[in-house]
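Here is the structure we will look at, set down as structure tokens.
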Amino acid sequence: MKKLIKYLKFIVILIISWFVIHTVYIITDGLSDNGEKADIAIILGNKVNEDGTLSTRLEKRLETGIELYKNHRVKKILVSGGLGKEGFYEGDKMKEFLISNAIPDSVILVDNYGNNTRLTVENSLKFQQKYKFKSIIVVSQYFHVTRTKKLFKDLGFENISSVSPRYFEWRDLYSILREFPAYYTQ
């Protein structure tokens with residue numbers, strides 16, 4: 001019985017250590033910006049409010065994409081999101097925001113079927129076949145970009161970096177916890 005308890009303690013310590021190392025890695029990776037340029041920024045969707053306004057989190061992602069475009073780090077922007085329970089297509093609302101902030105309609109691509117991270121990645125690669133972009137900057141929250149980049153790499157797209165808005169909420173604590181299993185199961 002003592003050996004079993006000792007073994008279980010070891011397993012618990014191992015899992016906790018794995019979680020801590022993983023979390024430090026995704027936060028560090030997510031907050032890093034290597035300053036590279038890319039053909040396109042892919043901005044992942046988030047909540048659109050019931051009145052059609054964007055959540056602050058989504059606005060901050062879009063503002064990050066606007067900076068990338070205005071600083072000549074990307075040539076095009078792909079916005080990706082699904083149909084929210086509020087009744088709005090995230091991609092369409094994101095495009096409206098970009099246009100209202102002086103981003104030309106001609107550089108914006110819209111994916112309204114990116115209902116989750118995996119679908120956003122798969123749909124982005126379909127756009128890649130048509131638009132032939134060779135490099136990507138993923139724009140999402142810092143805790144989310146590592147998993148997104150992993151999904152792109154798993155599907156064979158290697159030239160990918162990320163930028164995250166400097167926006168933090170208490171809800172991030174839950175999201176960081178969620179990312180641990182999501183990274184390994186998605």
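Chain labels run A, B, ... following the order of the structure tokens; each chain numbers its residues from 1, and ligands are numbered from 1 in the order shown.
Residue neighbourhood of Arg166 in chain A, excluding near-sequence residues (fewer than 4 positions): A:Leu31, A:Lys60, A:Thr64, A:Gln141, A:Tyr142, at 9 Å, using only C-alpha atoms.
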List every residue of range 83-110 of chain A that has an atom at most 10 Å from any atom of range 46-57 of chain A, giving for each one its closest atom pair and the distance in Å to one decimal, counting only C-alpha atoms, sorted by chain and then by ascending residue number, as a Markdown table.
| residue | atom | partner | partner_atom | distance |
| --- | --- | --- | --- | --- |
| A:Leu83 | CA | A:Val48 | CA | 9.4 |
| A:Gly84 | CA | A:Lys47 | CA | 7.1 |
| A:Lys85 | CA | A:Glu50 | CA | 8.6 |
| A:Glu86 | CA | A:Glu50 | CA | 5.1 |
| A:Gly87 | CA | A:Glu50 | CA | 7.7 |
| A:Phe88 | CA | A:Val48 | CA | 6.9 |
| A:Tyr89 | CA | A:Val48 | CA | 8.3 |
| A:Glu90 | CA | A:Val48 | CA | 6.5 |
| A:Gly91 | CA | A:Asn46 | CA | 9.4 |
| A:Lys93 | CA | A:Leu54 | CA | 7.6 |
| A:Met94 | CA | A:Leu54 | CA | 8.0 |
| A:Phe97 | CA | A:Leu54 | CA | 8.6 |
Resulting file, chosen residues, all heavy atoms, as a tab-separated table (two decimals), in the first residue's frame:
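Final output, out-v8.tsv:
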chain	number	residue	atom	x	y	z
A	83	LEU	N	-21.28	31.36	-36.80
A	83	LEU	CA	-22.55	32.01	-36.50
A	83	LEU	C	-22.78	31.86	-35.00
A	83	LEU	O	-22.98	30.75	-34.50
A	83	LEU	CB	-23.70	31.35	-37.28
A	83	LEU	CG	-25.11	31.86	-36.99
A	83	LEU	CD1	-25.23	33.35	-37.34
A	83	LEU	CD2	-26.14	31.05	-37.75
A	84	GLY	N	-22.70	32.96	-34.28
A	84	GLY	CA	-22.88	32.93	-32.84
A	84	GLY	C	-24.33	32.76	-32.44
A	84	GLY	O	-25.24	33.01	-33.24
A	85	LYS	N	-24.55	32.36	-31.20
A	85	LYS	CA	-25.92	32.18	-30.70
A	85	LYS	C	-26.69	33.51	-30.69
A	85	LYS	O	-27.91	33.52	-30.62
A	85	LYS	CB	-25.90	31.56	-29.32
A	85	LYS	CG	-25.24	32.39	-28.25
A	85	LYS	CD	-25.20	31.68	-26.92
A	85	LYS	CE	-24.48	32.58	-25.92
A	85	LYS	NZ	-24.30	31.98	-24.65
A	86	GLU	N	-25.95	34.62	-30.80
A	86	GLU	CA	-26.57	35.94	-30.83
A	86	GLU	C	-27.17	36.25	-32.20
A	86	GLU	O	-27.84	37.26	-32.38
A	86	GLU	CB	-25.54	37.02	-30.46
A	86	GLU	CG	-24.98	36.89	-29.04
A	86	GLU	CD	-23.89	35.80	-28.91
A	86	GLU	OE1	-23.38	35.31	-29.95
A	86	GLU	OE2	-23.59	35.45	-27.77
A	87	GLY	N	-26.87	35.40	-33.20
A	87	GLY	CA	-27.46	35.56	-34.52
A	87	GLY	C	-26.62	36.31	-35.54
A	87	GLY	O	-27.11	36.67	-36.61
A	88	PHE	N	-25.34	36.52	-35.25
A	88	PHE	CA	-24.46	37.24	-36.17
A	88	PHE	C	-23.32	36.34	-36.63
A	88	PHE	O	-22.77	35.58	-35.84
A	88	PHE	CB	-23.85	38.48	-35.48
A	88	PHE	CG	-24.86	39.48	-35.03
A	88	PHE	CD1	-25.26	39.52	-33.70
A	88	PHE	CD2	-25.41	40.39	-35.92
A	88	PHE	CE1	-26.20	40.44	-33.27
A	88	PHE	CE2	-26.35	41.31	-35.50
A	88	PHE	CZ	-26.75	41.34	-34.17
A	89	TYR	N	-22.96	36.46	-37.90
A	89	TYR	CA	-21.75	35.80	-38.39
A	89	TYR	C	-20.55	36.63	-37.94
A	89	TYR	O	-20.44	37.81	-38.27
A	89	TYR	CB	-21.75	35.68	-39.92
A	89	TYR	CG	-22.61	34.55	-40.42
A	89	TYR	CD1	-23.86	34.79	-40.96
A	89	TYR	CD2	-22.15	33.24	-40.34
A	89	TYR	CE1	-24.65	33.74	-41.42
A	89	TYR	CE2	-22.93	32.18	-40.80
A	89	TYR	CZ	-24.18	32.45	-41.33
A	89	TYR	OH	-24.96	31.41	-41.77
A	90	GLU	N	-19.68	36.02	-37.17
A	90	GLU	CA	-18.51	36.73	-36.63
A	90	GLU	C	-17.66	37.31	-37.75
A	90	GLU	O	-17.21	38.46	-37.68
A	90	GLU	CB	-17.67	35.80	-35.75
A	90	GLU	CG	-18.36	35.39	-34.48
A	90	GLU	CD	-17.62	34.29	-33.73
A	90	GLU	OE1	-16.51	33.87	-34.15
A	90	GLU	OE2	-18.18	33.83	-32.71
A	91	GLY	N	-17.42	36.53	-38.80
A	91	GLY	CA	-16.57	37.00	-39.90
A	91	GLY	C	-17.10	38.27	-40.54
A	91	GLY	O	-16.34	39.20	-40.82
A	93	LYS	N	-19.10	40.55	-39.17
A	93	LYS	CA	-18.98	41.66	-38.22
A	93	LYS	C	-17.52	42.11	-38.10
A	93	LYS	O	-17.24	43.31	-37.96
A	93	LYS	CB	-19.54	41.27	-36.85
A	93	LYS	CG	-21.02	40.95	-36.83
A	93	LYS	CD	-21.90	42.05	-37.37
A	93	LYS	CE	-22.20	43.09	-36.33
A	93	LYS	NZ	-23.09	44.16	-36.83
A	94	MET	N	-16.60	41.17	-38.18
A	94	MET	CA	-15.18	41.50	-38.12
A	94	MET	C	-14.78	42.32	-39.34
A	94	MET	O	-14.06	43.31	-39.23
A	94	MET	CB	-14.34	40.22	-38.01
A	94	MET	CG	-14.56	39.46	-36.70
A	94	MET	SD	-13.96	37.75	-36.75
A	94	MET	CE	-12.20	38.00	-36.64
A	97	PHE	N	-15.90	45.89	-39.01
A	97	PHE	CA	-15.03	46.63	-38.10
A	97	PHE	C	-13.75	47.05	-38.82
A	97	PHE	O	-13.30	48.19	-38.69
A	97	PHE	CB	-14.70	45.78	-36.87
A	97	PHE	CG	-13.85	46.48	-35.85
A	97	PHE	CD1	-14.43	47.25	-34.85
A	97	PHE	CD2	-12.46	46.36	-35.87
A	97	PHE	CE1	-13.65	47.90	-33.90
A	97	PHE	CE2	-11.67	47.01	-34.93
A	97	PHE	CZ	-12.27	47.78	-33.94
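If you look at CA of Ile15 in chain A and CA of Leu173 in chain A, they are 18.3 Å away from each other.
Counting only C-alpha atoms, the residue from A:Tyr183, A:Phe10, A:Tyr131, A:Phe157 that sits nearest to Thr23 in chain A is A:Tyr183.
On the backbone of this structure, DSSP gives strand (DSSP E) within range 14-161 of chain A to Ile40, Ala41, Ile42, Ile43, Leu44, Lys76, Ile77, Leu78, Val79, Ser80, Ile108, Leu109, Val110, Asp111, Ile136, Ile137, Val138, Val139, Ile160 and Ser161 of chain A.
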Any chance you can output those residues with all heavy atoms as a compact mmCIF listing (two decimals), in the first residue's frame?
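Printed below is selection_29.txt as written:
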# COMPACT_ATOMS: atom_id res chain seq x y z
N ILE A 40 -0.28 36.94 -44.91
CA ILE A 40 -1.64 37.14 -44.42
C ILE A 40 -1.71 37.01 -42.91
O ILE A 40 -0.95 36.24 -42.31
CB ILE A 40 -2.59 36.12 -45.11
CG1 ILE A 40 -4.06 36.47 -44.89
CG2 ILE A 40 -2.29 34.70 -44.67
CD1 ILE A 40 -5.01 35.72 -45.81
N ALA A 41 -2.60 37.79 -42.31
CA ALA A 41 -2.93 37.62 -40.90
C ALA A 41 -4.25 36.87 -40.84
O ALA A 41 -5.19 37.18 -41.59
CB ALA A 41 -3.08 38.97 -40.20
N ILE A 42 -4.31 35.86 -40.00
CA ILE A 42 -5.56 35.14 -39.78
C ILE A 42 -6.03 35.47 -38.38
O ILE A 42 -5.37 35.13 -37.39
CB ILE A 42 -5.37 33.62 -39.97
CG1 ILE A 42 -4.94 33.35 -41.42
CG2 ILE A 42 -6.66 32.87 -39.61
CD1 ILE A 42 -4.62 31.91 -41.73
N ILE A 43 -7.15 36.19 -38.32
CA ILE A 43 -7.69 36.64 -37.04
C ILE A 43 -8.85 35.73 -36.66
O ILE A 43 -9.85 35.63 -37.39
CB ILE A 43 -8.16 38.10 -37.11
CG1 ILE A 43 -7.03 39.00 -37.63
CG2 ILE A 43 -8.66 38.57 -35.74
CD1 ILE A 43 -7.44 40.45 -37.88
N LEU A 44 -8.71 35.05 -35.53
CA LEU A 44 -9.74 34.14 -35.06
C LEU A 44 -10.87 34.91 -34.39
O LEU A 44 -10.63 35.87 -33.66
CB LEU A 44 -9.14 33.10 -34.11
CG LEU A 44 -8.37 31.99 -34.84
CD1 LEU A 44 -6.98 32.44 -35.21
CD2 LEU A 44 -8.32 30.74 -34.00
N LYS A 76 -2.68 40.84 -46.58
CA LYS A 76 -4.10 40.50 -46.54
C LYS A 76 -4.48 40.11 -45.11
O LYS A 76 -3.62 39.77 -44.30
CB LYS A 76 -4.42 39.33 -47.48
CG LYS A 76 -4.36 39.69 -48.95
CD LYS A 76 -5.14 38.68 -49.78
CE LYS A 76 -5.25 39.09 -51.22
NZ LYS A 76 -6.05 40.25 -51.48
N ILE A 77 -5.78 40.13 -44.85
CA ILE A 77 -6.31 39.72 -43.55
C ILE A 77 -7.47 38.76 -43.79
O ILE A 77 -8.39 39.06 -44.56
CB ILE A 77 -6.82 40.93 -42.74
CG1 ILE A 77 -5.67 41.89 -42.43
CG2 ILE A 77 -7.50 40.46 -41.45
CD1 ILE A 77 -6.11 43.18 -41.75
N LEU A 78 -7.41 37.61 -43.16
CA LEU A 78 -8.51 36.66 -43.19
C LEU A 78 -9.15 36.66 -41.81
O LEU A 78 -8.45 36.47 -40.81
CB LEU A 78 -8.03 35.25 -43.54
CG LEU A 78 -9.15 34.22 -43.61
CD1 LEU A 78 -9.11 33.48 -44.93
CD2 LEU A 78 -9.02 33.22 -42.49
N VAL A 79 -10.45 36.93 -41.76
CA VAL A 79 -11.18 36.87 -40.49
C VAL A 79 -12.01 35.60 -40.49
O VAL A 79 -12.63 35.25 -41.49
CB VAL A 79 -12.06 38.13 -40.28
CG1 VAL A 79 -11.19 39.36 -40.06
CG2 VAL A 79 -13.01 38.37 -41.44
N SER A 80 -11.99 34.91 -39.35
CA SER A 80 -12.66 33.61 -39.31
C SER A 80 -13.44 33.47 -38.02
O SER A 80 -12.93 33.67 -36.92
CB SER A 80 -11.62 32.49 -39.40
OG SER A 80 -12.26 31.23 -39.34
N ILE A 108 -9.44 41.99 -47.45
CA ILE A 108 -10.10 41.21 -46.38
C ILE A 108 -10.77 39.98 -46.97
O ILE A 108 -11.57 40.08 -47.91
CB ILE A 108 -11.15 42.06 -45.64
CG1 ILE A 108 -10.52 43.34 -45.09
CG2 ILE A 108 -11.80 41.24 -44.51
CD1 ILE A 108 -11.54 44.36 -44.59
N LEU A 109 -10.46 38.83 -46.42
CA LEU A 109 -11.12 37.57 -46.76
C LEU A 109 -11.96 37.17 -45.56
O LEU A 109 -11.54 37.36 -44.41
CB LEU A 109 -10.10 36.48 -47.08
CG LEU A 109 -9.03 36.81 -48.12
CD1 LEU A 109 -8.03 35.66 -48.23
CD2 LEU A 109 -9.67 37.09 -49.46
N VAL A 110 -13.13 36.58 -45.81
CA VAL A 110 -14.04 36.23 -44.72
C VAL A 110 -14.35 34.74 -44.74
O VAL A 110 -14.75 34.18 -45.77
CB VAL A 110 -15.37 37.02 -44.82
CG1 VAL A 110 -16.33 36.61 -43.71
CG2 VAL A 110 -15.10 38.51 -44.78
N ASP A 111 -14.18 34.10 -43.59
CA ASP A 111 -14.59 32.71 -43.36
C ASP A 111 -15.67 32.76 -42.28
O ASP A 111 -15.37 33.03 -41.12
CB ASP A 111 -13.40 31.86 -42.91
CG ASP A 111 -13.83 30.51 -42.34
OD1 ASP A 111 -14.90 30.00 -42.72
OD2 ASP A 111 -13.08 29.97 -41.50
N ILE A 136 1.94 32.96 -42.63
CA ILE A 136 0.77 33.36 -41.84
C ILE A 136 1.22 33.97 -40.52
O ILE A 136 2.17 33.49 -39.90
CB ILE A 136 -0.10 32.13 -41.50
CG1 ILE A 136 -0.74 31.53 -42.74
CG2 ILE A 136 -1.18 32.47 -40.47
CD1 ILE A 136 -1.42 30.19 -42.47
N ILE A 137 0.47 34.98 -40.08
CA ILE A 137 0.55 35.42 -38.69
C ILE A 137 -0.83 35.17 -38.09
O ILE A 137 -1.83 35.72 -38.57
CB ILE A 137 0.91 36.92 -38.55
CG1 ILE A 137 2.32 37.18 -39.09
CG2 ILE A 137 0.82 37.36 -37.08
CD1 ILE A 137 2.73 38.65 -39.09
N VAL A 138 -0.90 34.31 -37.10
CA VAL A 138 -2.15 34.03 -36.39
C VAL A 138 -2.36 35.12 -35.34
O VAL A 138 -1.43 35.47 -34.62
CB VAL A 138 -2.09 32.65 -35.70
CG1 VAL A 138 -3.25 32.47 -34.73
CG2 VAL A 138 -2.07 31.53 -36.70
N VAL A 139 -3.58 35.63 -35.27
CA VAL A 139 -3.92 36.63 -34.26
C VAL A 139 -5.05 36.07 -33.40
O VAL A 139 -6.15 35.79 -33.89
CB VAL A 139 -4.37 37.97 -34.90
CG1 VAL A 139 -4.73 38.97 -33.82
CG2 VAL A 139 -3.28 38.52 -35.82
N ILE A 160 4.58 29.85 -40.06
CA ILE A 160 3.54 30.47 -39.26
C ILE A 160 4.11 31.09 -38.00
O ILE A 160 4.96 30.51 -37.34
CB ILE A 160 2.45 29.43 -38.92
CG1 ILE A 160 1.33 30.04 -38.14
CG2 ILE A 160 3.01 28.23 -38.23
CD1 ILE A 160 0.09 29.16 -38.16
N SER A 161 3.66 32.30 -37.72
CA SER A 161 4.03 32.97 -36.46
C SER A 161 2.75 33.52 -35.85
O SER A 161 1.66 33.28 -36.35
CB SER A 161 5.07 34.06 -36.71
OG SER A 161 4.60 35.01 -37.63
From range 21-102 of chain A, collect each residue whose DSSP state is alpha helix (DSSP H) and return the set as a PyMOL selection string. chain A and resi 21-31+56-70+90-100
As a check of understanding: the span from CA of Tyr167 in chain A to CA of Ser135 in chain A is 24.9 Å
Can you work out which one of A:Val145, A:Ile99, A:Ile176, A:Leu68 has the shortest atom-to-atom distance to Lys37 in chain A, counting only C-alpha atoms? A:Leu68
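Coordinates place CA of Leu151 in chain A at a distance of 14.0 Å from CA of Ile26 in chain A.
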Just want the 10 Å neighbourhood of Ile66 in chain A, counted on only C-alpha atoms, with same-chain residues fewer than 3 positions away dropped. Output as a compact mmCIF listing (two decimals) with N, CA, C and O atoms, in the first residue's frame.
# COMPACT_ATOMS: atom_id res chain seq x y z
N ALA A 41 -2.60 37.79 -42.31
CA ALA A 41 -2.93 37.62 -40.90
C ALA A 41 -4.25 36.87 -40.84
O ALA A 41 -5.19 37.18 -41.59
N LYS A 60 -9.96 43.83 -29.73
CA LYS A 60 -8.51 43.88 -29.52
C LYS A 60 -7.79 43.00 -30.53
O LYS A 60 -6.70 43.36 -31.01
N ARG A 61 -8.36 41.87 -30.87
CA ARG A 61 -7.75 41.02 -31.91
C ARG A 61 -7.74 41.77 -33.24
O ARG A 61 -6.73 41.76 -33.96
N LEU A 62 -8.85 42.40 -33.57
CA LEU A 62 -8.94 43.13 -34.84
C LEU A 62 -8.01 44.33 -34.86
O LEU A 62 -7.37 44.61 -35.89
N GLU A 63 -7.90 45.04 -33.76
CA GLU A 63 -6.96 46.16 -33.68
C GLU A 63 -5.53 45.68 -33.90
O GLU A 63 -4.72 46.37 -34.53
N TYR A 69 -1.39 45.24 -40.57
CA TYR A 69 -1.57 45.72 -41.94
C TYR A 69 -0.96 47.11 -42.13
O TYR A 69 -0.23 47.35 -43.09
N LYS A 70 -1.26 48.01 -41.22
CA LYS A 70 -0.77 49.39 -41.36
C LYS A 70 0.75 49.49 -41.22
O LYS A 70 1.36 50.40 -41.76
N ASN A 71 1.34 48.54 -40.51
CA ASN A 71 2.81 48.51 -40.38
C ASN A 71 3.46 47.66 -41.47
O ASN A 71 4.63 47.32 -41.37
N HIS A 72 2.68 47.29 -42.48
CA HIS A 72 3.17 46.55 -43.66
C HIS A 72 3.76 45.19 -43.28
O HIS A 72 4.66 44.71 -43.97
N VAL A 74 1.67 42.50 -43.03
CA VAL A 74 0.84 41.56 -43.79
C VAL A 74 0.22 42.30 -44.97
O VAL A 74 0.03 43.52 -44.93
N ILE A 77 -5.78 40.13 -44.85
CA ILE A 77 -6.31 39.72 -43.55
C ILE A 77 -7.47 38.76 -43.79
O ILE A 77 -8.39 39.06 -44.56
N PHE A 97 -15.90 45.89 -39.01
CA PHE A 97 -15.03 46.63 -38.10
C PHE A 97 -13.75 47.05 -38.82
O PHE A 97 -13.30 48.19 -38.69
N LEU A 98 -13.16 46.13 -39.57
CA LEU A 98 -11.92 46.45 -40.28
C LEU A 98 -12.15 47.56 -41.30
O LEU A 98 -11.36 48.51 -41.39
N ILE A 99 -13.22 47.46 -42.06
CA ILE A 99 -13.52 48.49 -43.07
C ILE A 99 -13.76 49.84 -42.39
O ILE A 99 -13.29 50.87 -42.87
N ASN A 101 -12.36 50.89 -39.97
CA ASN A 101 -11.07 51.36 -39.47
C ASN A 101 -10.04 51.45 -40.60
O ASN A 101 -8.85 51.23 -40.40
N ALA A 102 -10.53 51.77 -41.80
CA ALA A 102 -9.71 52.11 -42.96
C ALA A 102 -8.91 50.96 -43.55
O ALA A 102 -7.90 51.17 -44.21
N ILE A 103 -9.37 49.73 -43.35
CA ILE A 103 -8.75 48.60 -44.04
C ILE A 103 -9.54 48.39 -45.33
O ILE A 103 -10.77 48.24 -45.30
